[in-house]
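Undergrad: My structure is in work.cif, and what it holds is mmCIF, C-alpha atoms:
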data_start
loop_
_atom_site.label_atom_id
_atom_site.label_comp_id
_atom_site.auth_asym_id
_atom_site.auth_seq_id
_atom_site.Cartn_x
_atom_site.Cartn_y
_atom_site.Cartn_z
CA MET A 3 -11.93 24.23 15.29
CA ALA A 4 -11.97 22.66 11.82
CA HIS A 5 -8.82 24.57 10.83
CA SER A 6 -7.00 23.45 13.98
CA GLN A 7 -8.00 19.84 13.40
CA THR A 8 -6.86 20.03 9.75
CA SER A 9 -3.48 21.44 10.75
CA GLU A 10 -3.12 18.66 13.36
CA GLN A 11 -3.88 16.10 10.64
CA ASP A 12 -1.30 17.69 8.39
CA SER A 13 1.23 17.76 11.23
CA ILE A 14 0.71 14.03 11.86
CA ALA A 15 1.15 13.36 8.14
CA ARG A 16 4.29 15.53 8.06
CA GLU A 17 5.63 13.69 11.11
CA ARG A 18 4.99 10.30 9.47
CA ILE A 19 6.66 11.45 6.25
CA LYS A 20 9.61 12.92 8.19
CA LEU A 21 10.08 9.66 10.11
CA VAL A 22 9.94 7.58 6.93
CA LYS A 23 12.37 9.93 5.20
CA ASN A 24 14.86 9.85 8.09
CA ASN A 25 14.57 6.08 8.39
CA MET A 26 15.17 5.64 4.65
CA TYR A 27 18.31 7.77 5.01
CA VAL A 28 19.45 5.51 7.87
CA LEU A 29 18.76 2.40 5.80
CA GLY A 30 20.54 3.92 2.79
CA ALA A 31 23.58 4.86 4.89
CA TRP A 32 23.70 1.35 6.41
CA ALA A 33 23.43 -0.13 2.93
CA GLY A 34 26.09 2.13 1.44
CA ALA A 35 28.54 1.39 4.26
CA ASN A 36 27.93 -2.36 3.93
CA ILE A 37 28.31 -2.32 0.14
CA ILE A 38 31.61 -0.42 0.33
CA GLN A 39 32.97 -2.35 3.30
CA GLY A 40 31.72 -5.68 1.98
CA THR A 41 33.22 -5.16 -1.47
CA ILE A 42 36.61 -4.08 -0.10
CA SER A 43 36.75 -6.76 2.60
CA ALA A 44 35.54 -9.58 0.34
CA SER A 45 38.50 -8.81 -1.93
CA ASN A 46 40.97 -8.98 0.97
CA THR A 47 39.78 -11.97 3.00
CA ASN A 48 39.48 -15.72 2.63
CA GLY A 49 37.27 -18.44 4.00
CA SER A 50 34.04 -17.66 5.82
CA GLU A 51 35.02 -13.99 6.25
CA HIS A 52 35.14 -13.58 2.47
CA TYR A 53 31.57 -14.92 2.21
CA LEU A 54 30.38 -12.80 5.14
CA HIS A 55 31.51 -9.60 3.41
CA GLN A 56 30.34 -10.77 0.01
CA MET A 57 26.81 -11.43 1.31
CA ASN A 58 26.79 -8.12 3.19
CA ALA A 59 27.49 -6.31 -0.08
CA TYR A 60 24.87 -8.34 -2.00
CA TRP A 61 22.23 -8.00 0.72
CA ASN A 62 22.62 -4.28 0.96
CA THR A 63 22.12 -3.62 -2.74
CA VAL A 64 18.52 -4.61 -1.98
CA ASN A 65 18.44 -2.37 1.12
CA LEU A 66 19.76 0.53 -0.97
CA ALA A 67 17.03 -0.03 -3.57
CA ILE A 68 14.37 -0.15 -0.82
CA ALA A 69 15.67 3.13 0.65
CA GLY A 70 15.64 4.74 -2.81
CA VAL A 71 12.09 3.64 -3.58
CA GLY A 72 10.98 4.77 -0.11
CA LEU A 73 12.45 8.23 -0.65
CA LEU A 74 10.81 8.53 -4.07
CA GLY A 75 7.44 7.60 -2.54
CA ILE A 76 7.70 10.50 -0.10
CA ARG A 77 7.33 13.06 -2.88
CA LYS A 78 3.93 11.61 -3.77
CA GLN A 79 2.79 11.63 -0.13
CA LEU A 80 3.69 15.31 0.31
CA LYS A 81 1.20 16.27 -2.40
CA GLN A 82 -1.78 14.48 -0.82
CA GLU A 83 -4.40 15.99 1.48
CA HIS A 84 -4.61 14.41 4.90
CA SER A 85 -7.82 13.75 6.81
CA LEU A 86 -8.23 11.88 10.06
CA ASN A 87 -9.31 8.72 8.21
CA SER A 88 -6.60 8.90 5.54
CA ASN A 89 -3.95 9.46 8.21
CA LEU A 90 -5.25 6.57 10.27
CA ARG A 91 -5.28 4.29 7.21
CA ALA A 92 -1.72 5.32 6.32
CA GLN A 93 -0.53 4.75 9.89
CA HIS A 94 -2.19 1.32 10.11
CA GLN A 95 -0.77 0.31 6.73
CA LEU A 96 2.71 1.38 7.76
CA GLU A 97 2.44 -0.49 11.06
CA LYS A 98 1.33 -3.66 9.25
CA ILE A 99 4.30 -3.40 6.89
CA LEU A 100 6.69 -2.93 9.81
CA LEU A 101 5.23 -5.93 11.66
CA LEU A 102 5.51 -8.05 8.49
CA ASN A 103 9.12 -6.87 8.14
CA THR A 104 9.78 -7.84 11.75
CA GLY A 105 8.57 -11.37 10.98
CA LEU A 106 10.84 -11.47 7.93
CA ASP A 107 13.75 -10.23 10.05
CA LEU A 108 13.22 -13.14 12.44
CA ALA A 109 13.18 -15.50 9.45
CA TYR A 110 16.50 -14.02 8.26
CA ILE A 111 18.00 -14.59 11.70
CA ALA A 112 16.69 -18.18 11.83
CA THR A 113 18.08 -18.85 8.35
CA GLY A 114 21.40 -17.35 9.43
CA LEU A 115 21.51 -19.65 12.45
CA TYR A 116 20.73 -22.64 10.24
CA LEU A 117 23.38 -21.76 7.64
CA LYS A 118 26.00 -21.07 10.29
CA GLU A 119 25.29 -24.38 12.06
CA ARG A 120 25.28 -26.28 8.77
CA GLY A 121 28.50 -24.60 7.68
CA THR A 122 30.19 -25.49 10.95
CA ARG A 123 28.91 -29.07 10.87
CA LEU A 124 29.95 -29.63 7.21
CA ASN A 125 33.04 -27.40 7.37
CA ASN A 126 31.58 -25.19 4.61
CA ASP A 127 32.97 -21.64 4.66
CA ARG A 128 30.32 -20.25 2.35
CA ASN A 129 27.44 -21.39 4.58
CA LYS A 130 29.23 -20.10 7.70
CA GLY A 131 29.92 -16.73 6.10
CA TYR A 132 26.46 -16.33 4.62
CA GLY A 133 24.94 -17.43 7.93
CA ASN A 134 26.93 -14.83 9.87
CA SER A 135 25.89 -12.17 7.35
CA LEU A 136 22.21 -13.06 7.72
CA LEU A 137 22.58 -12.89 11.51
CA LEU A 138 24.12 -9.42 11.27
CA GLN A 139 21.73 -8.05 8.64
CA GLY A 140 18.64 -9.67 10.19
CA GLY A 141 19.61 -8.38 13.64
CA PHE A 142 20.09 -4.84 12.34
CA LEU A 143 16.78 -4.92 10.44
CA LEU A 144 14.91 -6.34 13.44
CA ILE A 145 16.08 -3.50 15.69
CA PHE A 146 15.53 -0.95 12.91
CA ASP A 147 11.96 -2.10 12.21
CA LEU A 148 11.01 -2.29 15.90
CA ILE A 149 12.28 1.26 16.48
CA GLN A 150 10.27 2.47 13.48
CA TYR A 151 7.17 0.67 14.72
CA GLY A 152 7.48 2.39 18.10
CA GLN A 153 7.93 5.79 16.44
CA HIS A 154 4.84 5.39 14.28
CA ARG A 155 2.70 3.75 16.95
CA ARG A 156 2.70 7.01 18.98
CA ASN A 157 1.07 8.84 16.05
CA THR A 158 -1.45 6.06 15.51
CA LYS A 159 -2.51 6.17 19.17
CA TRP A 160 -3.08 9.93 18.96
CA LEU A 161 -5.17 9.52 15.79
CA GLU A 162 -7.23 6.74 17.37
CA GLU A 163 -7.92 8.99 20.36
CA GLN A 164 -9.08 11.75 18.01
CA GLN A 165 -11.33 9.34 16.15
CA GLY A 166 -12.94 8.37 19.48
CA LYS A 167 -13.87 12.03 20.04
CA LEU A 168 -16.04 12.18 16.91
CA GLU A 169 -19.76 11.42 17.23
CA LEU A 170 -22.33 11.14 14.47
CA GLY A 171 -25.84 11.97 15.58
CA LEU A 172 -28.99 13.93 14.90
CA GLY A 173 -28.79 17.69 14.91
CA GLY A 174 -31.32 20.47 14.33
CA ASN A 175 -30.99 20.21 10.54
CA GLY A 176 -30.43 16.45 10.19
CA LEU A 177 -27.23 14.49 10.73
CA ALA A 178 -24.44 16.24 12.60
CA LEU A 179 -20.84 15.42 13.38
CA HIS A 180 -19.82 16.44 16.90
CA TYR A 181 -16.28 16.65 18.26
CA ARG A 182 -15.82 16.05 21.99
CA PHE A 183 -12.93 17.86 23.71
#
Could I get this file's structure written as structure tokens?
TA:
Amino acid sequence: MAHSQTSEQDSIARERIKLVKNNMYVLGAWAGANIIQGTISASNTNGSEHYLHQMNAYWNTVNLAIAGVGLLGIRKQLKQEHSLNSNLRAQHQLEKILLLNTGLDLAYIATGLYLKERGTRLNNDRNKGYGNSLLLQGGFLLIFDLIQYGQHRRNTKWLEEQQGKLELGLGGNGLALHYRF
């Protein structure tokens, strides 16, 4: 039983790491495409379109760095041992980060709406372009973070169910940990 439970813990950890890795590849690909497209298009457009592409390229240098750091962090996680509690802590921490990111994504969208409106009202191409970029990037990140949250939430629910099956009580030789099936 203990071996089976350990392998389940490791499989949950491997699943979490695989999801993070795949999602960092998605973020990196999105960033790379936006940097290339934004750089080329900013050189070939004028007005608000120029600023839209310029901001897309700028914004995604940060996304590319985040993806790179995320991928580097995976190597460290692969070397760790994974217990029920450590997995649950890691899942909860990841969910909190994703929910924080979702709040930031909404702030990016709100800022984009503000800049776009201000740019239109004041006939300012830079504000319009930057606003449209924040709407695009914030919208992508909002969907991306919500999908990730849903992916990881399934694993957290399973871990929480397993935690509910553990009981600490008195046994014949003192304290005992019982696992209910």
Undergrad: Might you spell out which residues the PyMOL selection byres ((chain A and resi 94-97) around 9) would select in the displayed file, as a list of chain:residue names?
TA: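 Selected by the PyMOL selection byres ((chain A and resi 94-97) around 9) in this file: A:Asn89, A:Leu90, A:Arg91, A:Ala92, A:Gln93, A:Lys98, A:Ile99, A:Leu100, A:Leu101, A:Leu102, A:Gln150, A:Tyr151, A:His154, A:Arg155, A:Thr158.
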Undergrad: Would you mind reading off the distance between atom CA of A:Gln39 and atom CA of A:Ala112, one decimal, in Å?
TA: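 Going from atom CA of A:Gln39 over to atom CA of A:Ala112 covers 24.3 Å.
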Undergrad: Go through A:Gly49, A:Gly72, A:Gly141, A:Gly166 and flag the residue nearest A:Leu29, using only C-alpha atoms for the distances.
TA: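 Of A:Gly49, A:Gly72, A:Gly141, A:Gly166, the one nearest A:Leu29 is A:Gly72, counting only C-alpha atoms.
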Undergrad: Please determine, counting all atoms listed in the file, which residue among A:Gly133, A:Asn24, A:Ala15, A:Arg123 has the shortest atom-to-atom distance to A:Phe146.
TA: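 Counting all atoms listed in the file, the residue closest to A:Phe146 is A:Asn24.
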Undergrad: In Å, rounded to a single decimal, give me how far atom CA of A:His84 is from atom CA of A:Ile19.
TA: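 If I compute the distance from atom CA of A:Ile19 to atom CA of A:His84, I get 11.7 Å.
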Undergrad: Please provide as a VMD selection string all residues within 10 Å of A:Ser43, with the sequence filter that same-chain residues fewer than 5 positions apart are discarded (counting all atoms listed in the file).
TA: chain A and resid 36 to 38 48 51 to 56 59
Undergrad: Given the choices A:Asp12, A:Asp147, A:Ala67, A:Trp32, which gets closest to A:Lys81 if the distance is worked out from only C-alpha atoms?
TA: A:Asp12
Undergrad: Looking at all atoms listed in the file, which of A:Ser50, A:Asn58, A:Asn157, A:Thr41 is the one that sits closest to A:Leu117?
TA: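 Comparing A:Ser50, A:Asn58, A:Asn157, A:Thr41 against A:Leu117, the winner is A:Ser50.
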Undergrad: Would you compute the distance between atom CA of A:Phe142 and atom CA of A:Thr47? Give it in Å to one decimal.
TA: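 Value for the atom CA of A:Phe142-atom CA of A:Thr47 distance: 22.9 Å.
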Undergrad: Which residues fall under the PyMOL selection byres ((chain A and resi 107) around 9) in this file, as a list in words?
TA: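 Output from the PyMOL selection byres ((chain A and resi 107) around 9), applied to this file: Leu102, Asn103, Thr104, Gly105, Leu106, Leu108, Ala109, Tyr110, Ile111, Ala112, Gln139, Gly140, Gly141, Phe142, Leu143, Leu144 and Asp147 of chain A.
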Undergrad: Name the closest residue to A:Gly34 among the candidates A:Val64, A:Arg18, A:Ile145, A:Gly114; distances are taken between atoms, counting only C-alpha atoms.
TA: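 Among A:Val64, A:Arg18, A:Ile145, A:Gly114, it is A:Val64 that comes nearest to A:Gly34.
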Undergrad: Residues within 7 Å of (6.8, 13.9, 2.0), file coordinates, counting all atoms listed in the file: what are they? Give the list as a ChimeraX atom specification.
TA: /A:16,19-20,76-80
Undergrad: Keeping only C-alpha atoms, write the selected residues as a short mmCIF file (atom, residue, chain, number, x, y, z; two decimals), in the coordinates of the input.
TA:
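File written: out-v6.cif
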data_model
loop_
_atom_site.label_atom_id
_atom_site.label_comp_id
_atom_site.auth_asym_id
_atom_site.auth_seq_id
_atom_site.Cartn_x
_atom_site.Cartn_y
_atom_site.Cartn_z
CA ARG A 16 4.29 15.53 8.06
CA ILE A 19 6.66 11.45 6.25
CA LYS A 20 9.61 12.92 8.19
CA ILE A 76 7.70 10.50 -0.10
CA ARG A 77 7.33 13.06 -2.88
CA LYS A 78 3.93 11.61 -3.77
CA GLN A 79 2.79 11.63 -0.13
CA LEU A 80 3.69 15.31 0.31
#
Undergrad: Quick one: residues within 8 Å of stretch 118-121 of chain A, all atoms listed in the file counted, chain neighbours fewer than 3 positions away excluded, as a list in words?
TA: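 In the requested form, the answer reads Gly114, Leu115, Leu124, Asn125, Asn126, Asp127, Arg128, Asn129, Lys130, Gly131, Tyr132, Gly133 and Asn134 of chain A.
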Undergrad: Need to verify the contact set: A:Met26, 7 Å, all atoms listed in the file, exclusion of same-chain residues closer than 4 positions in sequence. Can you return it as a ChimeraX atom specification?
TA: /A:22,30,69,72-73
